[in-house]
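These notes concern the structure reproduced below.
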Amino acid sequence: MIPTATPQACDLLVTGDLILTLDPKDRTLSGGAIAVADRTIVDIGPADEMRARWTPAQTIDGRKRIVMPGLVNVHNHTPLMITRGMIEDLGFAPMYTPGIPQGHWLTADDAYALSSLGMYELLRAGCTTVVDFYRYPQSCARAAAELGVRAVIAGRVHDADPAGLAEGRYEYKRGIGEASLAENAELIARWNGHDEGRIRCDWAPHAPDTCSEDLLREVAKLASAHGGNIHTHLSQLPSEVESVRARTGKTPPELMDDLGLLNERLIAAHCIHLEGGDIELCGRSGMTVAHAPIGNAKGGRIAPIIELREAGARIALCTDTFSGDMIEAMRWAIAMQRINRQGSVLDARTVLDWGTRTGAEAIGLGDKVGSLEIGKRADIVLLDNRSPSLAPLVDGYGVLVHSASGHDVDTVIVDGRVVLAGGRLTLADGEEIVARAQAVASRLWTRAGRSPLQ
Ligand SMILES: [Zn+2]
């Protein structure tokens with residue numbers, strides 16, 4: 001922006017000791033500032049010049065702060081916070097695990113309490129955009145809307161009976177499928193485009209084994225009319241691959257391809273158990289792999305993301321309701337590939353890109369978020385540079401990915417609005433959110449035969 005003699009008004013000026021823009025030129029600014037007006041970044045430059053150019057209504061003093069774009073998490077299910085700390089050692093995904101409180105145990109209010117906890121944790125750790133889908137998706141949308149998170153929300157479409165799944169039986173029931181389609185459709189009607197597009201809604205068939213072919217065909221039709229992405233789980237478990245093969249004679253990616261779902265609009269978590277020509281098929285399709293390294297580890301096998309990327313697939317990062325700390329997910333992604341490939345195959349800058357710009361591009365928000373650039377929405381994170389985890393600071397990227405954690409996040413701005421300040425939510429009471437979720441967990445785990453400590 002060309003300097004003017006008279007300062008212009010703006011809503012917000014964010015300064016920072018170091019600004020990592022993650023823009024295409026990888027611009028970094030020491031002693032920089034970002035001006036925000038009408039939710040949007042309108043100027044970035046040296047702090048002295050910016051103060052002369054802009055008269056902000058509000059200033060965020062970023063002394064001793066590192067400023068970066070908000071993190072983008074492309075696959076998550078906040079109501080599954082109910083399983084936190086209780087399922088990680090069991091080896092299966094929640095949908096397939098017997099005896100744990102989940103989906104059909106929850107009410108809409110339970111889902112809202114748990115989703116608020118999940119959204120709070122994500123914001124606390126610098127995640128400003130999340131793809132979140134589960135049963136009671138309107139509860140997730142409400143939680144995201146209230147806390148100020150940018151979110152893509154979807155339902156959990158399936159017609160396999162969850163009661164049978166937990167015992168390894170696949171019973172497809174028309175009523176279950178219709179109810180889950182209706183839930184996703186109602187979500188879209190009520191929430192899509194909320195708050196100038198901060199909340200967007202998509203379609204999400206749970207997985208190729210938990211959805212019959214007829215249901216997947218129906219979702220493909222509905223999603224084609226709606227636009228946006230389709231979110232799913234793909235080749236997550238050996239049992240999924242076996243079940244799809246027994247039912248259709250195809251691998252999960254082959255089935256999705258035949259049904260017209262395997263394309264650049266698909267964001268599929270996991271992609272672990274790929275066989276034969278699956279990697280080439282996924283790569284050619286231009287789909288996005290939502291890589292969940294912490295979730296992958298649970299089953300003892302890591303997705304071949306390097307091979308998938310080489311074949312043409314896009315790789316983005318997600319937490320999938322494990323630790324909500326995207327920085328931790330980045331670190332795991334690197335470590336797991338180094339073990340898998342017996343060597344150094346990924347670096348900090350690459351995974352940082354997956355957790356910001358690439359994730360934003362995958363969900364169709366590449367022109368809005370994922371980097372700090374003029375014209376993009378102001379989704380900005382400030383980390384406390386006084387933290388011992390962020391020292392010493394040399395290039396910024398290495399220490400951030402290999403050493404920092406979400407707890408170093410101090411301030412979070414979404415759409416130009418400060419939603420976390422000094423580690424505390426500004427639009428809701430964090431302590432109350434934790435207490436409400438605890439009450440839900442205590443009640444449901446008691447019902448499951450456990451004795452919660454609170
Ligand atoms: Zn998932």
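Chain labels run A, B, ... following the order of the structure tokens; each chain numbers its residues from 1, and ligands are numbered from 1 in the order shown.
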
For this session: Using only C-alpha atoms, determine which residues lie at most 12 Å from A:Ile199, disregarding the query and same-chain residues fewer than 6 positions distant; provide the list as a PyMOL selection string.
Result: chain A and resi 128-132+137-138+140-154+187-188+190-193+365+414-415

Could you build a table of the residues in chain A lying no more than 10 Å from ligand 1, giving for each the nearest pair of atoms and their separation in Å rounded to one decimal place, using only C-alpha atoms and all ligand atoms, ordered by chain and ascending residue number, as JSON lines?
```
{"residue": "A:Val74", "atom": "CA", "partner": "ligand 1", "partner_atom_place_in_ligand_line": "1 (Zn)", "distance": 9.9}
{"residue": "A:His75", "atom": "CA", "partner": "ligand 1", "partner_atom_place_in_ligand_line": "1 (Zn)", "distance": 6.2}
{"residue": "A:Asn76", "atom": "CA", "partner": "ligand 1", "partner_atom_place_in_ligand_line": "1 (Zn)", "distance": 5.7}
{"residue": "A:His77", "atom": "CA", "partner": "ligand 1", "partner_atom_place_in_ligand_line": "1 (Zn)", "distance": 6.5}
{"residue": "A:Leu80", "atom": "CA", "partner": "ligand 1", "partner_atom_place_in_ligand_line": "1 (Zn)", "distance": 9.5}
{"residue": "A:Ala93", "atom": "CA", "partner": "ligand 1", "partner_atom_place_in_ligand_line": "1 (Zn)", "distance": 8.0}
{"residue": "A:Pro94", "atom": "CA", "partner": "ligand 1", "partner_atom_place_in_ligand_line": "1 (Zn)", "distance": 9.1}
{"residue": "A:Met95", "atom": "CA", "partner": "ligand 1", "partner_atom_place_in_ligand_line": "1 (Zn)", "distance": 9.5}
{"residue": "A:Asp132", "atom": "CA", "partner": "ligand 1", "partner_atom_place_in_ligand_line": "1 (Zn)", "distance": 8.9}
{"residue": "A:Phe133", "atom": "CA", "partner": "ligand 1", "partner_atom_place_in_ligand_line": "1 (Zn)", "distance": 8.3}
{"residue": "A:Tyr134", "atom": "CA", "partner": "ligand 1", "partner_atom_place_in_ligand_line": "1 (Zn)", "distance": 9.0}
{"residue": "A:His206", "atom": "CA", "partner": "ligand 1", "partner_atom_place_in_ligand_line": "1 (Zn)", "distance": 8.2}
{"residue": "A:Ala207", "atom": "CA", "partner": "ligand 1", "partner_atom_place_in_ligand_line": "1 (Zn)", "distance": 9.4}
{"residue": "A:His231", "atom": "CA", "partner": "ligand 1", "partner_atom_place_in_ligand_line": "1 (Zn)", "distance": 9.2}
{"residue": "A:Thr232", "atom": "CA", "partner": "ligand 1", "partner_atom_place_in_ligand_line": "1 (Zn)", "distance": 7.5}
{"residue": "A:His233", "atom": "CA", "partner": "ligand 1", "partner_atom_place_in_ligand_line": "1 (Zn)", "distance": 6.2}
{"residue": "A:Leu234", "atom": "CA", "partner": "ligand 1", "partner_atom_place_in_ligand_line": "1 (Zn)", "distance": 9.6}
{"residue": "A:Gln236", "atom": "CA", "partner": "ligand 1", "partner_atom_place_in_ligand_line": "1 (Zn)", "distance": 9.2}
{"residue": "A:Ala268", "atom": "CA", "partner": "ligand 1", "partner_atom_place_in_ligand_line": "1 (Zn)", "distance": 8.9}
{"residue": "A:Ala269", "atom": "CA", "partner": "ligand 1", "partner_atom_place_in_ligand_line": "1 (Zn)", "distance": 6.3}
{"residue": "A:His270", "atom": "CA", "partner": "ligand 1", "partner_atom_place_in_ligand_line": "1 (Zn)", "distance": 8.2}
{"residue": "A:Ala290", "atom": "CA", "partner": "ligand 1", "partner_atom_place_in_ligand_line": "1 (Zn)", "distance": 9.1}
{"residue": "A:Ala292", "atom": "CA", "partner": "ligand 1", "partner_atom_place_in_ligand_line": "1 (Zn)", "distance": 8.5}
{"residue": "A:Gly295", "atom": "CA", "partner": "ligand 1", "partner_atom_place_in_ligand_line": "1 (Zn)", "distance": 8.7}
{"residue": "A:Cys318", "atom": "CA", "partner": "ligand 1", "partner_atom_place_in_ligand_line": "1 (Zn)", "distance": 9.0}
{"residue": "A:Thr319", "atom": "CA", "partner": "ligand 1", "partner_atom_place_in_ligand_line": "1 (Zn)", "distance": 8.6}
{"residue": "A:Asp320", "atom": "CA", "partner": "ligand 1", "partner_atom_place_in_ligand_line": "1 (Zn)", "distance": 5.0}
{"residue": "A:Thr321", "atom": "CA", "partner": "ligand 1", "partner_atom_place_in_ligand_line": "1 (Zn)", "distance": 7.5}
{"residue": "A:Phe322", "atom": "CA", "partner": "ligand 1", "partner_atom_place_in_ligand_line": "1 (Zn)", "distance": 9.8}
```

Taking N, CA, C and O atoms for each residue, export the selection above as a JSON list (two decimals), in the first residue's frame.
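Resulting contents of selection.json:
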```json
[["chain", "number", "residue", "atom", "x", "y", "z"],
["A", 74, "VAL", "N", -7.80, -29.91, 9.11],
["A", 74, "VAL", "CA", -8.77, -30.29, 8.08],
["A", 74, "VAL", "C", -9.64, -31.51, 8.41],
["A", 74, "VAL", "O", -10.38, -31.98, 7.54],
["A", 75, "HIS", "N", -9.57, -32.00, 9.65],
["A", 75, "HIS", "CA", -10.42, -33.16, 9.98],
["A", 75, "HIS", "C", -10.48, -33.33, 11.49],
["A", 75, "HIS", "O", -9.45, -33.57, 12.14],
["A", 76, "ASN", "N", -11.69, -33.23, 12.05],
["A", 76, "ASN", "CA", -11.84, -33.32, 13.51],
["A", 76, "ASN", "C", -13.29, -33.62, 13.86],
["A", 76, "ASN", "O", -14.19, -33.46, 13.03],
["A", 77, "HIS", "N", -13.50, -34.08, 15.09],
["A", 77, "HIS", "CA", -14.87, -34.38, 15.56],
["A", 77, "HIS", "C", -14.96, -33.95, 17.03],
["A", 77, "HIS", "O", -14.72, -34.77, 17.92],
["A", 80, "LEU", "N", -16.41, -35.98, 20.02],
["A", 80, "LEU", "CA", -15.66, -37.16, 20.48],
["A", 80, "LEU", "C", -14.65, -36.82, 21.57],
["A", 80, "LEU", "O", -13.90, -37.70, 22.03],
["A", 93, "ALA", "N", -10.81, -46.97, 16.10],
["A", 93, "ALA", "CA", -11.52, -45.70, 16.01],
["A", 93, "ALA", "C", -12.79, -45.81, 16.85],
["A", 93, "ALA", "O", -13.36, -46.89, 16.98],
["A", 94, "PRO", "N", -13.27, -44.71, 17.42],
["A", 94, "PRO", "CA", -14.43, -44.75, 18.32],
["A", 94, "PRO", "C", -15.64, -45.47, 17.74],
["A", 94, "PRO", "O", -16.30, -46.24, 18.43],
["A", 95, "MET", "N", -15.93, -45.22, 16.45],
["A", 95, "MET", "CA", -17.13, -45.78, 15.82],
["A", 95, "MET", "C", -17.15, -47.31, 15.92],
["A", 95, "MET", "O", -18.20, -47.93, 15.89],
["A", 132, "ASP", "N", -14.97, -29.88, 11.13],
["A", 132, "ASP", "CA", -15.48, -30.66, 12.25],
["A", 132, "ASP", "C", -16.77, -31.34, 11.83],
["A", 132, "ASP", "O", -17.70, -30.66, 11.40],
["A", 133, "PHE", "N", -16.82, -32.66, 11.96],
["A", 133, "PHE", "CA", -18.09, -33.31, 11.59],
["A", 133, "PHE", "C", -18.40, -34.47, 12.51],
["A", 133, "PHE", "O", -17.55, -35.24, 12.89],
["A", 134, "TYR", "N", -19.68, -34.55, 12.84],
["A", 134, "TYR", "CA", -20.15, -35.59, 13.74],
["A", 134, "TYR", "C", -21.66, -35.56, 13.78],
["A", 134, "TYR", "O", -22.31, -34.71, 13.15],
["A", 206, "HIS", "N", -19.39, -41.03, 6.50],
["A", 206, "HIS", "CA", -18.39, -41.44, 7.50],
["A", 206, "HIS", "C", -17.24, -42.23, 6.90],
["A", 206, "HIS", "O", -16.07, -41.91, 7.13],
["A", 207, "ALA", "N", -17.53, -43.30, 6.15],
["A", 207, "ALA", "CA", -16.47, -44.13, 5.57],
["A", 207, "ALA", "C", -17.09, -45.09, 4.55],
["A", 207, "ALA", "O", -18.30, -45.34, 4.60],
["A", 231, "HIS", "N", -16.10, -34.79, 3.01],
["A", 231, "HIS", "CA", -15.15, -35.23, 4.04],
["A", 231, "HIS", "C", -15.45, -36.67, 4.42],
["A", 231, "HIS", "O", -16.62, -37.05, 4.59],
["A", 232, "THR", "N", -14.41, -37.48, 4.57],
["A", 232, "THR", "CA", -14.63, -38.87, 4.92],
["A", 232, "THR", "C", -13.39, -39.48, 5.58],
["A", 232, "THR", "O", -12.38, -38.79, 5.77],
["A", 233, "HIS", "N", -13.51, -40.75, 5.94],
["A", 233, "HIS", "CA", -12.38, -41.57, 6.37],
["A", 233, "HIS", "C", -12.14, -42.60, 5.27],
["A", 233, "HIS", "O", -13.11, -43.16, 4.76],
["A", 234, "LEU", "N", -10.88, -42.85, 4.92],
["A", 234, "LEU", "CA", -10.60, -43.77, 3.82],
["A", 234, "LEU", "C", -9.43, -44.68, 4.17],
["A", 234, "LEU", "O", -8.37, -44.19, 4.60],
["A", 236, "GLN", "N", -8.84, -46.61, 6.62],
["A", 236, "GLN", "CA", -8.41, -46.32, 7.98],
["A", 236, "GLN", "C", -7.99, -47.59, 8.72],
["A", 236, "GLN", "O", -7.03, -47.56, 9.49],
["A", 268, "ALA", "N", -9.96, -36.88, 2.59],
["A", 268, "ALA", "CA", -10.11, -38.18, 3.24],
["A", 268, "ALA", "C", -9.03, -38.36, 4.30],
["A", 268, "ALA", "O", -7.84, -38.29, 4.00],
["A", 269, "ALA", "N", -9.49, -38.59, 5.51],
["A", 269, "ALA", "CA", -8.53, -38.82, 6.59],
["A", 269, "ALA", "C", -7.94, -40.22, 6.46],
["A", 269, "ALA", "O", -8.59, -41.14, 5.96],
["A", 270, "HIS", "N", -6.72, -40.32, 6.90],
["A", 270, "HIS", "CA", -5.98, -41.58, 7.10],
["A", 270, "HIS", "C", -5.29, -42.12, 5.85],
["A", 270, "HIS", "O", -4.09, -41.97, 5.72],
["A", 290, "ALA", "N", -6.14, -36.01, 4.57],
["A", 290, "ALA", "CA", -6.09, -35.35, 5.88],
["A", 290, "ALA", "C", -5.21, -36.25, 6.76],
["A", 290, "ALA", "O", -5.66, -37.28, 7.24],
["A", 292, "ALA", "N", -3.38, -37.65, 9.76],
["A", 292, "ALA", "CA", -3.56, -37.64, 11.22],
["A", 292, "ALA", "C", -2.47, -38.50, 11.85],
["A", 292, "ALA", "O", -2.71, -39.66, 12.21],
["A", 295, "GLY", "N", -3.24, -40.22, 15.22],
["A", 295, "GLY", "CA", -4.25, -41.28, 15.05],
["A", 295, "GLY", "C", -3.68, -42.49, 14.34],
["A", 295, "GLY", "O", -3.96, -43.63, 14.70],
["A", 318, "CYS", "N", -4.22, -32.80, 10.26],
["A", 318, "CYS", "CA", -5.37, -32.73, 11.15],
["A", 318, "CYS", "C", -5.04, -33.37, 12.49],
["A", 318, "CYS", "O", -4.06, -34.10, 12.62],
["A", 319, "THR", "N", -5.89, -33.08, 13.48],
["A", 319, "THR", "CA", -5.69, -33.68, 14.79],
["A", 319, "THR", "C", -6.65, -34.85, 15.02],
["A", 319, "THR", "O", -6.39, -35.70, 15.86],
["A", 320, "ASP", "N", -7.78, -34.89, 14.31],
["A", 320, "ASP", "CA", -8.75, -35.98, 14.42],
["A", 320, "ASP", "C", -9.11, -36.24, 15.88],
["A", 320, "ASP", "O", -9.24, -37.40, 16.30],
["A", 321, "THR", "N", -9.24, -35.20, 16.66],
["A", 321, "THR", "CA", -9.70, -35.24, 18.06],
["A", 321, "THR", "C", -8.72, -35.90, 19.03],
["A", 321, "THR", "O", -9.10, -36.27, 20.14],
["A", 322, "PHE", "N", -7.47, -36.10, 18.60],
["A", 322, "PHE", "CA", -6.45, -36.42, 19.61],
["A", 322, "PHE", "C", -6.01, -35.08, 20.19],
["A", 322, "PHE", "O", -6.81, -34.15, 20.21]]
```

Exercise. Pick the closest to A:Tyr172 from A:Ala160, A:Leu453, A:Leu222, A:Ala311: which is it, counting only C-alpha atoms?
Worked result: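 Going through A:Ala160, A:Leu453, A:Leu222, A:Ala311 one by one, the smallest distance to A:Tyr172 is for A:Ala160.
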
Exercise. Neighbours of A:Asn229 within 7 Å (only C-alpha atoms; same-chain residues fewer than 5 positions away dropped), as a ChimeraX atom specification?
Worked result: /A:202,265-267,363

I need the chosen residues saved as a PDB file, in the first residue's frame, with N, CA and C atoms.
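Listing of selection07.pdb after writing:
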```pdb
ATOM      1  N   ASP A 202     -20.599 -28.606   4.805  1.00  0.00           N
ATOM      2  CA  ASP A 202     -20.353 -29.558   3.720  1.00  0.00           C
ATOM      3  C   ASP A 202     -21.065 -30.873   4.026  1.00  0.00           C
ATOM      4  N   ARG A 265     -12.227 -32.687  -4.791  1.00  0.00           N
ATOM      5  CA  ARG A 265     -13.108 -32.154  -3.730  1.00  0.00           C
ATOM      6  C   ARG A 265     -13.076 -33.027  -2.474  1.00  0.00           C
ATOM      7  N   LEU A 266     -12.514 -34.236  -2.600  1.00  0.00           N
ATOM      8  CA  LEU A 266     -12.542 -35.168  -1.469  1.00  0.00           C
ATOM      9  C   LEU A 266     -11.403 -34.888  -0.488  1.00  0.00           C
ATOM     10  N   ILE A 267     -11.761 -34.810   0.784  1.00  0.00           N
ATOM     11  CA  ILE A 267     -10.753 -34.727   1.851  1.00  0.00           C
ATOM     12  C   ILE A 267     -10.930 -35.970   2.709  1.00  0.00           C
ATOM     13  N   ILE A 363      -9.543 -26.892   1.541  1.00  0.00           N
ATOM     14  CA  ILE A 363     -10.963 -26.683   1.872  1.00  0.00           C
ATOM     15  C   ILE A 363     -11.550 -25.463   1.146  1.00  0.00           C
TER      16      ILE A 363
END
```

Exercise. Within 9 Å of stretch 328-342 of chain A, counting only C-alpha atoms, which residues qualify if same-chain residues fewer than 3 places away don't, as a ChimeraX atom specification?
Worked result: /A:291-294,297,301-306,317-319,323-325,345-348,351-352,354-355,401-406

For this session: May I ask which of the residues A:Val440, A:Val67, A:Leu181, A:Val412 is the closest one to A:Ile19, counting only C-alpha atoms?
Result: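 Nearest to A:Ile19: A:Val67.
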
Problem set entry | strand (DSSP E or B) call set, DSSP backbone run, stretch 45-267 of chain A, as an MDAnalysis selection string | chainID A and resid 45:46 54:60 65:69 71:76 127:133 150:154 157 160 172 199:201 203 205 230:234 266:267

Problem set entry | Residue nearest A:Leu274 - candidates A:Ser442, A:Pro388, A:Leu259, A:Leu237, atoms counted: only C-alpha atoms |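 Nearest candidate to A:Leu274 out of A:Ser442, A:Pro388, A:Leu259, A:Leu237: A:Leu237.
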
Exercise. Any idea what's packed within 8 Å of stretch 58-62 of chain A, counting only C-alpha atoms, ignoring anything in its chain fewer than 4 positions away? Could you give it as a VMD selection string?
Worked result: chain A and resid 11 to 17 66 to 67 382

What would the file look like if the residues just selected were written as a short mmCIF file (atom, residue, chain, number, x, y, z; two decimals), in the first residue's frame with C-alpha atoms?
```
data_model
loop_
_atom_site.label_atom_id
_atom_site.label_comp_id
_atom_site.auth_asym_id
_atom_site.auth_seq_id
_atom_site.Cartn_x
_atom_site.Cartn_y
_atom_site.Cartn_z
CA ASP A 11 -10.04 -1.60 13.09
CA LEU A 12 -6.92 -3.26 14.43
CA LEU A 13 -3.15 -2.95 14.32
CA VAL A 14 -1.18 -6.04 15.34
CA THR A 15 2.53 -5.57 15.96
CA GLY A 16 5.10 -8.30 16.47
CA ASP A 17 8.81 -8.76 17.14
CA ILE A 66 5.95 -14.13 17.20
CA VAL A 67 3.11 -13.53 14.78
CA LEU A 382 0.65 -14.53 18.45
#
```

Exercise. Between A:Gly396, A:Gly175, A:Gly155, A:Pro56, which one has atoms that come closest to A:Thr28, using only C-alpha atoms?
Worked result: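 Of the candidates, the smallest distance to A:Thr28 is held by A:Gly396.
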
Problem set entry | Residue neighbourhood stretch 82-87 of chain A, 12 Å, only C-alpha atoms, exclusion window fewer than 3 positions, as a PyMOL selection string | chain A and resi 77-79+90-103+105-106+110-118+295+298+320-324+434+436-445+448+450+452

Would you mind listing what lies within 8 Å of stretch 245-258 of chain A as a PDB file with C-alpha atoms, in the first residue's frame, with only C-alpha atoms counted and same-chain residues fewer than 4 positions away left out?
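Below is the file that was written, result.pdb:
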```pdb
ATOM      1  CA  PRO A 208     -16.831 -46.550   2.624  1.00  0.00           C
ATOM      2  CA  ASP A 209     -17.602 -49.450   4.974  1.00  0.00           C
ATOM      3  CA  LEU A 234     -10.599 -43.771   3.818  1.00  0.00           C
ATOM      4  CA  SER A 235      -8.578 -46.973   4.268  1.00  0.00           C
ATOM      5  CA  GLU A 240     -12.733 -51.487   6.576  1.00  0.00           C
ATOM      6  CA  VAL A 241     -10.671 -52.727   3.606  1.00  0.00           C
ATOM      7  CA  LEU A 262     -12.584 -39.731  -5.534  1.00  0.00           C
ATOM      8  CA  ASN A 263     -11.620 -36.311  -6.861  1.00  0.00           C
ATOM      9  CA  GLU A 275      -3.116 -51.722  -1.675  1.00  0.00           C
ATOM     10  CA  ASP A 278      -4.477 -47.345  -4.621  1.00  0.00           C
ATOM     11  CA  LEU A 281      -5.372 -43.875  -8.039  1.00  0.00           C
ATOM     12  CA  CYS A 282      -5.538 -41.473  -5.069  1.00  0.00           C
TER      13      CYS A 282
END
```

Exercise. With only C-alpha atoms as the basis for distance, which of A:Gly45, A:Pro69, A:Gly31, A:Pro7 is at the shortest distance from A:Lys368?
Worked result: A:Pro69

For this session: Find, counting only C-alpha atoms, the residue in A:Tyr170, A:Lys221, A:Arg198, A:Asp395 that gets nearest to A:Arg39.
Result: A:Arg198

Exercise. Separation of atom CA of A:Arg314 and atom CA of A:Val42, in Å?
Worked result: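 Spanning atom CA of A:Arg314 to atom CA of A:Val42 is a straight-line distance of 29.5 Å.
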
For this session: Tell me, in Å to one decimal, how far atom CA of A:Met326 is from atom CA of A:Val369.
Result: 16.1 Å
